[in-house]
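Engineer: Provided herewith: input-v4.pdb, PDB, C-alpha atoms, pLDDT in the B column.
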ATOM      1  CA  MET A   1      16.504  17.596  26.766  1.00 52.00           C
ATOM      2  CA  ALA A   2      18.749  14.874  25.380  1.00 54.00           C
ATOM      3  CA  MET A   3      17.493  12.503  28.071  1.00 53.00           C
ATOM      4  CA  GLU A   4      13.878  13.231  27.141  1.00 55.00           C
ATOM      5  CA  GLN A   5      14.643  12.460  23.486  1.00 57.00           C
ATOM      6  CA  ASN A   6      16.243   9.153  24.472  1.00 56.00           C
ATOM      7  CA  GLU A   7      13.188   8.217  26.524  1.00 55.00           C
ATOM      8  CA  LEU A   8      10.918   9.046  23.607  1.00 57.00           C
ATOM      9  CA  ALA A   9      13.012   6.994  21.227  1.00 60.00           C
ATOM     10  CA  SER A  10      12.811   3.951  23.453  1.00 66.00           C
ATOM     11  CA  GLU A  11       9.001   4.072  23.678  1.00 76.00           C
ATOM     12  CA  PRO A  12       7.336   1.812  21.115  1.00 79.00           C
ATOM     13  CA  LYS A  13       5.224   3.782  18.684  1.00 86.00           C
ATOM     14  CA  GLN A  14       1.700   2.447  18.286  1.00 91.00           C
ATOM     15  CA  ALA A  15       1.531   3.652  14.702  1.00 92.00           C
ATOM     16  CA  THR A  16       4.727   1.803  13.796  1.00 93.00           C
ATOM     17  CA  ALA A  17       3.528  -1.325  15.560  1.00 93.00           C
ATOM     18  CA  PHE A  18       0.340  -1.128  13.496  1.00 93.00           C
ATOM     19  CA  LEU A  19       2.326  -0.742  10.266  1.00 94.00           C
ATOM     20  CA  VAL A  20       4.554  -3.677  11.180  1.00 94.00           C
ATOM     21  CA  LEU A  21       1.512  -5.787  11.993  1.00 95.00           C
ATOM     22  CA  HIS A  22      -0.159  -4.816   8.731  1.00 94.00           C
ATOM     23  CA  TYR A  23       3.001  -5.624   6.761  1.00 94.00           C
ATOM     24  CA  LEU A  24       3.360  -9.032   8.398  1.00 95.00           C
ATOM     25  CA  GLN A  25      -0.318  -9.803   7.917  1.00 95.00           C
ATOM     26  CA  GLN A  26      -0.032  -8.948   4.242  1.00 94.00           C
ATOM     27  CA  GLU A  27       2.968 -11.262   3.953  1.00 93.00           C
ATOM     28  CA  ALA A  28       1.004 -14.021   5.644  1.00 95.00           C
ATOM     29  CA  TYR A  29      -1.945 -13.594   3.261  1.00 96.00           C
ATOM     30  CA  TRP A  30       0.263 -14.904   0.456  1.00 97.00           C
ATOM     31  CA  ALA A  31      -0.287 -18.378   1.911  1.00 96.00           C
ATOM     32  CA  ASP A  32      -3.985 -17.996   0.943  1.00 97.00           C
ATOM     33  CA  ILE A  33      -2.967 -18.595  -2.662  1.00 97.00           C
ATOM     34  CA  TYR A  34      -2.935 -22.331  -1.976  1.00 97.00           C
ATOM     35  CA  SER A  35      -6.548 -22.474  -0.799  1.00 97.00           C
ATOM     36  CA  PHE A  36      -7.426 -20.171  -3.698  1.00 98.00           C
ATOM     37  CA  ILE A  37      -6.072 -22.557  -6.338  1.00 97.00           C
ATOM     38  CA  LEU A  38      -7.723 -25.479  -4.557  1.00 97.00           C
ATOM     39  CA  SER A  39     -11.023 -23.614  -4.780  1.00 97.00           C
ATOM     40  CA  ARG A  40     -10.396 -23.215  -8.511  1.00 96.00           C
ATOM     41  CA  GLY A  41     -10.244 -26.949  -9.070  1.00 95.00           C
ATOM     42  CA  TYR A  42      -6.582 -27.781  -8.549  1.00 96.00           C
ATOM     43  CA  GLN A  43      -6.137 -31.489  -7.832  1.00 95.00           C
ATOM     44  CA  LYS A  44      -3.414 -32.259  -5.310  1.00 94.00           C
ATOM     45  CA  ALA A  45      -0.499 -34.446  -6.433  1.00 92.00           C
ATOM     46  CA  ALA A  46      -0.870 -38.088  -5.478  1.00 94.00           C
ATOM     47  CA  ASN A  47       2.487 -38.040  -3.737  1.00 95.00           C
ATOM     48  CA  LEU A  48       1.969 -36.168  -0.456  1.00 95.00           C
ATOM     49  CA  GLU A  49       5.663 -35.379   0.019  1.00 96.00           C
ATOM     50  CA  GLU A  50       5.856 -33.915  -3.482  1.00 95.00           C
ATOM     51  CA  GLU A  51       2.726 -31.842  -2.862  1.00 97.00           C
ATOM     52  CA  LEU A  52       4.173 -30.482   0.383  1.00 96.00           C
ATOM     53  CA  GLN A  53       7.384 -29.456  -1.383  1.00 96.00           C
ATOM     54  CA  MET A  54       5.405 -27.732  -4.129  1.00 97.00           C
ATOM     55  CA  LYS A  55       3.249 -25.940  -1.574  1.00 97.00           C
ATOM     56  CA  ARG A  56       6.312 -24.849   0.351  1.00 96.00           C
ATOM     57  CA  ALA A  57       7.878 -23.437  -2.829  1.00 97.00           C
ATOM     58  CA  LEU A  58       4.614 -21.648  -3.654  1.00 97.00           C
ATOM     59  CA  THR A  59       4.043 -20.069  -0.252  1.00 96.00           C
ATOM     60  CA  ASP A  60       7.678 -18.984   0.141  1.00 96.00           C
ATOM     61  CA  HIS A  61       8.362 -15.278   0.654  1.00 94.00           C
ATOM     62  CA  ASP A  62      10.640 -15.087  -2.406  1.00 95.00           C
ATOM     63  CA  THR A  63       7.922 -16.630  -4.584  1.00 97.00           C
ATOM     64  CA  CYS A  64       5.548 -13.938  -3.343  1.00 96.00           C
ATOM     65  CA  ILE A  65       8.041 -11.231  -4.378  1.00 96.00           C
ATOM     66  CA  MET A  66       8.548 -13.004  -7.720  1.00 97.00           C
ATOM     67  CA  ALA A  67       4.816 -13.123  -8.393  1.00 97.00           C
ATOM     68  CA  MET A  68       4.347  -9.469  -7.522  1.00 96.00           C
ATOM     69  CA  LEU A  69       7.246  -8.369  -9.728  1.00 96.00           C
ATOM     70  CA  ILE A  70       5.850 -10.397 -12.636  1.00 97.00           C
ATOM     71  CA  TYR A  71       2.441  -8.804 -12.083  1.00 96.00           C
ATOM     72  CA  LEU A  72       3.900  -5.302 -11.747  1.00 94.00           C
ATOM     73  CA  HIS A  73       5.816  -5.598 -15.018  1.00 92.00           C
ATOM     74  CA  TYR A  74       2.732  -6.904 -16.748  1.00 91.00           C
ATOM     75  CA  SER A  75       0.394  -4.225 -15.383  1.00 91.00           C
ATOM     76  CA  LEU A  76       2.634  -1.146 -15.560  1.00 88.00           C
ATOM     77  CA  ALA A  77       4.839  -1.771 -18.553  1.00 81.00           C
ATOM     78  CA  LYS A  78       2.570  -4.250 -20.387  1.00 85.00           C
ATOM     79  CA  GLU A  79       5.663  -6.367 -20.846  1.00 87.00           C
ATOM     80  CA  THR A  80       6.801  -9.763 -19.678  1.00 92.00           C
ATOM     81  CA  HIS A  81       9.797 -10.512 -17.540  1.00 95.00           C
ATOM     82  CA  THR A  82      12.484 -12.949 -18.548  1.00 96.00           C
ATOM     83  CA  VAL A  83      14.257 -15.130 -16.014  1.00 97.00           C
ATOM     84  CA  SER A  84      17.274 -12.863 -16.445  1.00 95.00           C
ATOM     85  CA  SER A  85      15.425  -9.548 -15.918  1.00 95.00           C
ATOM     86  CA  LEU A  86      13.527 -10.942 -12.948  1.00 97.00           C
ATOM     87  CA  ALA A  87      16.760 -12.168 -11.383  1.00 97.00           C
ATOM     88  CA  LYS A  88      18.259  -8.715 -11.934  1.00 96.00           C
ATOM     89  CA  ALA A  89      15.344  -7.118 -10.086  1.00 96.00           C
ATOM     90  CA  MET A  90      15.623  -9.558  -7.187  1.00 97.00           C
ATOM     91  CA  ASP A  91      19.383  -9.750  -6.783  1.00 96.00           C
ATOM     92  CA  ASN A  92      21.798  -7.722  -8.840  1.00 94.00           C
ATOM     93  CA  SER A  93      24.466  -7.415  -6.176  1.00 93.00           C
ATOM     94  CA  SER A  94      26.959  -9.375  -8.280  1.00 94.00           C
ATOM     95  CA  LEU A  95      27.031 -11.503 -11.417  1.00 95.00           C
ATOM     96  CA  LYS A  96      27.395 -14.616  -9.291  1.00 94.00           C
ATOM     97  CA  ALA A  97      24.384 -13.642  -7.175  1.00 94.00           C
ATOM     98  CA  ARG A  98      22.324 -12.926 -10.264  1.00 95.00           C
ATOM     99  CA  LYS A  99      23.175 -16.257 -11.858  1.00 95.00           C
ATOM    100  CA  ALA A 100      22.345 -18.052  -8.602  1.00 95.00           C
ATOM    101  CA  ARG A 101      19.036 -16.172  -8.505  1.00 96.00           C
ATOM    102  CA  GLU A 102      18.287 -17.210 -12.103  1.00 96.00           C
ATOM    103  CA  ARG A 103      18.787 -20.849 -11.137  1.00 96.00           C
ATOM    104  CA  LYS A 104      16.584 -20.405  -8.091  1.00 96.00           C
ATOM    105  CA  ILE A 105      13.823 -18.745 -10.135  1.00 97.00           C
ATOM    106  CA  LEU A 106      13.891 -21.580 -12.672  1.00 97.00           C
ATOM    107  CA  ARG A 107      13.792 -24.153  -9.888  1.00 96.00           C
ATOM    108  CA  VAL A 108      10.773 -22.463  -8.295  1.00 97.00           C
ATOM    109  CA  LEU A 109       9.008 -22.076 -11.654  1.00 97.00           C
ATOM    110  CA  LYS A 110       9.436 -25.782 -12.328  1.00 97.00           C
ATOM    111  CA  MET A 111       8.328 -26.677  -8.812  1.00 96.00           C
ATOM    112  CA  ILE A 112       5.108 -24.663  -8.996  1.00 97.00           C
ATOM    113  CA  ALA A 113       4.366 -25.356 -12.677  1.00 96.00           C
ATOM    114  CA  GLY A 114       1.559 -27.721 -11.682  1.00 95.00           C
ATOM    115  CA  TYR A 115      -0.397 -24.871 -10.089  1.00 97.00           C
ATOM    116  CA  GLN A 116      -0.597 -23.083 -13.469  1.00 96.00           C
ATOM    117  CA  LEU A 117      -0.080 -19.639 -11.993  1.00 97.00           C
ATOM    118  CA  ILE A 118       2.979 -18.619 -13.990  1.00 97.00           C
ATOM    119  CA  ASP A 119       3.780 -19.659 -17.563  1.00 96.00           C
ATOM    120  CA  PHE A 120       7.368 -19.848 -18.762  1.00 97.00           C
ATOM    121  CA  TYR A 121       8.777 -20.748 -22.152  1.00 96.00           C
ATOM    122  CA  ARG A 122      11.886 -20.410 -24.304  1.00 95.00           C
ATOM    123  CA  ASP A 123      11.927 -17.320 -26.491  1.00 93.00           C
ATOM    124  CA  THR A 124      14.345 -14.920 -28.203  1.00 91.00           C
ATOM    125  CA  HIS A 125      14.973 -11.253 -27.467  1.00 81.00           C
ATOM    126  CA  LYS A 126      14.804  -8.643 -30.244  1.00 75.00           C
ATOM    127  CA  GLY A 127      18.365  -9.643 -30.993  1.00 75.00           C
ATOM    128  CA  ASP A 128      19.152 -13.314 -31.279  1.00 81.00           C
ATOM    129  CA  ARG A 129      19.757 -13.985 -27.613  1.00 87.00           C
ATOM    130  CA  GLU A 130      17.766 -16.831 -26.169  1.00 92.00           C
ATOM    131  CA  CYS A 131      15.762 -16.216 -23.043  1.00 94.00           C
ATOM    132  CA  ILE A 132      13.116 -17.795 -20.883  1.00 96.00           C
ATOM    133  CA  ARG A 133      10.052 -15.623 -20.810  1.00 96.00           C
ATOM    134  CA  ILE A 134       7.735 -15.529 -17.814  1.00 97.00           C
ATOM    135  CA  GLU A 135       4.059 -14.615 -17.913  1.00 95.00           C
ATOM    136  CA  ALA A 136       1.478 -14.289 -15.189  1.00 96.00           C
ATOM    137  CA  ASN A 137      -1.438 -16.622 -15.740  1.00 95.00           C
ATOM    138  CA  ASP A 138      -5.066 -15.472 -15.299  1.00 96.00           C
ATOM    139  CA  LEU A 139      -5.239 -17.341 -12.007  1.00 96.00           C
ATOM    140  CA  LEU A 140      -2.350 -15.346 -10.504  1.00 97.00           C
ATOM    141  CA  ILE A 141      -3.745 -12.070 -11.825  1.00 96.00           C
ATOM    142  CA  GLU A 142      -7.143 -12.834 -10.306  1.00 97.00           C
ATOM    143  CA  PHE A 143      -5.625 -13.757  -6.951  1.00 97.00           C
ATOM    144  CA  LEU A 144      -3.518 -10.592  -6.755  1.00 97.00           C
ATOM    145  CA  GLU A 145      -6.276  -8.305  -7.963  1.00 96.00           C
ATOM    146  CA  ASN A 146      -9.188  -9.702  -5.968  1.00 96.00           C
ATOM    147  CA  HIS A 147      -8.036 -11.889  -3.095  1.00 96.00           C
ATOM    148  CA  PHE A 148      -4.574 -10.906  -1.839  1.00 95.00           C
ATOM    149  CA  PHE A 149      -4.709  -7.324  -0.574  1.00 92.00           C
ATOM    150  CA  LYS A 150      -6.935  -6.953   2.459  1.00 84.00           C
TER     151      LYS A 150
ATOM    152  CA  MET B 151      42.934 -41.759  15.369  1.00 65.00           C
ATOM    153  CA  ARG B 152      41.672 -38.894  17.543  1.00 67.00           C
ATOM    154  CA  TYR B 153      43.715 -36.494  15.444  1.00 64.00           C
ATOM    155  CA  TYR B 154      41.978 -37.638  12.233  1.00 66.00           C
ATOM    156  CA  LEU B 155      38.585 -37.433  13.917  1.00 65.00           C
ATOM    157  CA  LYS B 156      39.292 -33.846  14.952  1.00 68.00           C
ATOM    158  CA  ILE B 157      40.396 -32.902  11.439  1.00 66.00           C
ATOM    159  CA  GLY B 158      37.359 -34.691   9.990  1.00 66.00           C
ATOM    160  CA  SER B 159      34.903 -32.879  12.242  1.00 65.00           C
ATOM    161  CA  ALA B 160      36.580 -29.519  11.521  1.00 64.00           C
ATOM    162  CA  VAL B 161      36.314 -30.115   7.769  1.00 61.00           C
ATOM    163  CA  LEU B 162      32.676 -31.169   8.159  1.00 60.00           C
ATOM    164  CA  MET B 163      31.901 -28.068  10.212  1.00 60.00           C
ATOM    165  CA  ALA B 164      33.559 -25.808   7.605  1.00 57.00           C
ATOM    166  CA  ALA B 165      31.554 -27.483   4.836  1.00 56.00           C
ATOM    167  CA  LEU B 166      28.317 -27.019   6.784  1.00 52.00           C
ATOM    168  CA  ILE B 167      29.052 -23.331   7.399  1.00 51.00           C
ATOM    169  CA  THR B 168      29.814 -22.807   3.697  1.00 48.00           C
ATOM    170  CA  LEU B 169      26.629 -24.630   2.712  1.00 48.00           C
ATOM    171  CA  SER B 170      24.438 -22.661   5.093  1.00 49.00           C
ATOM    172  CA  ALA B 171      25.982 -19.393   3.897  1.00 46.00           C
ATOM    173  CA  SER B 172      25.309 -20.219   0.260  1.00 49.00           C
ATOM    174  CA  ALA B 173      21.823 -21.490   1.092  1.00 52.00           C
ATOM    175  CA  TYR B 174      20.920 -18.077   2.472  1.00 58.00           C
ATOM    176  CA  ALA B 175      20.131 -16.099  -0.611  1.00 68.00           C
ATOM    177  CA  GLY B 176      17.072 -13.994   0.059  1.00 85.00           C
ATOM    178  CA  VAL B 177      15.962 -11.112  -2.123  1.00 92.00           C
ATOM    179  CA  ASP B 178      18.547  -8.334  -2.234  1.00 94.00           C
ATOM    180  CA  THR B 179      16.571  -5.284  -1.141  1.00 94.00           C
ATOM    181  CA  ASP B 180      19.078  -2.845  -2.698  1.00 95.00           C
ATOM    182  CA  SER B 181      18.482  -4.408  -6.119  1.00 95.00           C
ATOM    183  CA  LEU B 182      14.737  -4.457  -5.536  1.00 95.00           C
ATOM    184  CA  LYS B 183      14.720  -0.802  -4.517  1.00 95.00           C
ATOM    185  CA  GLU B 184      16.759   0.152  -7.581  1.00 95.00           C
ATOM    186  CA  TYR B 185      14.423  -1.807  -9.856  1.00 94.00           C
ATOM    187  CA  LEU B 186      11.283  -0.244  -8.357  1.00 93.00           C
ATOM    188  CA  GLU B 187      12.687   3.287  -8.570  1.00 94.00           C
ATOM    189  CA  LYS B 188      13.592   2.724 -12.216  1.00 91.00           C
ATOM    190  CA  THR B 189      10.169   1.228 -12.979  1.00 88.00           C
ATOM    191  CA  LEU B 190       8.312   4.075 -11.287  1.00 87.00           C
ATOM    192  CA  LYS B 191      10.316   6.697 -13.203  1.00 86.00           C
ATOM    193  CA  GLN B 192       9.276   5.225 -16.551  1.00 78.00           C
TER     194      GLN B 192
END
Can you turn what I pasted into structure tokens?

Structural biologist:
Amino acid sequence: MAMEQNELASEPKQATAFLVLHYLQQEAYWADIYSFILSRGYQKAANLEEELQMKRALTDHDTCIMAMLIYLHYSLAKETHTVSSLAKAMDNSSLKARKARERKILRVLKMIAGYQLIDFYRDTHKGDRECIRIEANDLLIEFLENHFFK
Amino acid sequence: MRYYLKIGSAVLMAALITLSASAYAGVDTDSLKEYLEKTLKQ
């Protein structure tokens, strides 16, 4: 009986393979955002190296997660993320990790600013604390709602 | 001279390992899971 169970466990499950494939495909579709913004009139930067770096930052897996979290917060809670709250959602394992994530988020936001997908600006919380607020632009919302999930 | 070269390469290797470790900072799935659970409860 135990041997049979071991044999079953070692057999690859078709359903799982399908789910894995679907998950990976969905991840890969994030790269379509670049052709999407090009189709919406984005003009590439004159410096090819700079454009490649921007594209790389945009099509990165972490940027995909960032964009989806920004969208989720906007659509479910009707609120905007701040750099701090987004960093907390992405890496709250330690204060050091969160601060490093905040720096990384800011770096990515600055890198992809030219694509006009995500707006960010200095603001204040209800108290007096300063923050950097992040908002999904119409272009990002349209991509996620109509072109990303297949 | 060889001694200094060995020390130099060891220091360089240690620096590279530290750099690559700090460069790896993907999304922490525990934090993400916690955030999503909290968001879905609201």

Engineer: Applied to this file, what does the PyMOL selection byres ((chain A) within 9 of (chain B)) return in terms of residues, put as a PyMOL selection string?

Structural biologist: chain A and resi 61-62+65+73+76-77+88-93+97+100-101

Engineer: For C-alpha atoms, I'd like the residues from the last selection saved as an mmCIF file, in the coordinates of the input.

Structural biologist:
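Output contents, as saved in result.cif:
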data_model
loop_
_atom_site.group_PDB
_atom_site.id
_atom_site.type_symbol
_atom_site.label_atom_id
_atom_site.label_comp_id
_atom_site.auth_asym_id
_atom_site.auth_seq_id
_atom_site.Cartn_x
_atom_site.Cartn_y
_atom_site.Cartn_z
ATOM 1 C CA HIS A 61 8.362 -15.278 0.654
ATOM 2 C CA ASP A 62 10.640 -15.087 -2.406
ATOM 3 C CA ILE A 65 8.041 -11.231 -4.378
ATOM 4 C CA HIS A 73 5.816 -5.598 -15.018
ATOM 5 C CA LEU A 76 2.634 -1.146 -15.560
ATOM 6 C CA ALA A 77 4.839 -1.771 -18.553
ATOM 7 C CA LYS A 88 18.259 -8.715 -11.934
ATOM 8 C CA ALA A 89 15.344 -7.118 -10.086
ATOM 9 C CA MET A 90 15.623 -9.558 -7.187
ATOM 10 C CA ASP A 91 19.383 -9.750 -6.783
ATOM 11 C CA ASN A 92 21.798 -7.722 -8.840
ATOM 12 C CA SER A 93 24.466 -7.415 -6.176
ATOM 13 C CA ALA A 97 24.384 -13.642 -7.175
ATOM 14 C CA ALA A 100 22.345 -18.052 -8.602
ATOM 15 C CA ARG A 101 19.036 -16.172 -8.505
#

Engineer: Give me the residues within 8 Å of region 27-43 of chain A as a PyMOL selection string, counting all atoms listed in the file and dropping any in the same chain fewer than 2 places off.

Structural biologist: chain A and resi 23-25+45+55+58-59+61+64+115+139+143+148-149

Engineer: To one decimal place, how far is CA of Lys78 (chain A) from CA of Ala57 (chain A) in Å?

Structural biologist: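 Spanning CA of Lys78 (chain A) to CA of Ala57 (chain A) is a straight-line distance of 26.5 Å.
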
Engineer: What's the separation between CA of Gly127 (chain A) and CA of Lys188 (chain B), in Å to one decimal place?

Structural biologist: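 Computed distance, CA of Gly127 (chain A) to CA of Lys188 (chain B), equals 23.0 Å.
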
Engineer: Please compute the CA of Ala67 (chain A)-CA of Glu49 (chain A) distance, one decimal, in Å.

Structural biologist: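 Answer for the CA of Ala67 (chain A) to CA of Glu49 (chain A) separation: 23.8 Å.
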
Engineer: Once you add 5 Å to each side, what are the centre and edge lengths of the axis-aligned box holding all listed atoms of region 32-49 of chain A? One decimal in Å, as JSON, if you can.

Structural biologist:
{"center_x": -2.7, "center_y": -28.0, "center_z": -4.1, "size_x": 26.7, "size_y": 30.1, "size_z": 20.0}

Engineer: Dump as a PyMOL selection string all residues having an atom at most 12 Å from (21.1, -19.2, -13.6), computed in the file's coordinates with only C-alpha atoms.

Structural biologist: chain A and resi 82-88+91+95-107+131-132

Engineer: Check what the PyMOL selection byres ((chain A and resi 141) around 10) selects in the file above and give those residues as a list in words.

Structural biologist: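 Selected by the PyMOL selection byres ((chain A and resi 141) around 10) here: Ala67, Met68, Ile70, Tyr71, Tyr74, Ser75, Leu117, Ile118, Ala136, Asn137, Asp138, Leu139, Leu140, Glu142, Phe143, Leu144, Glu145, Asn146 and His147 of chain A.
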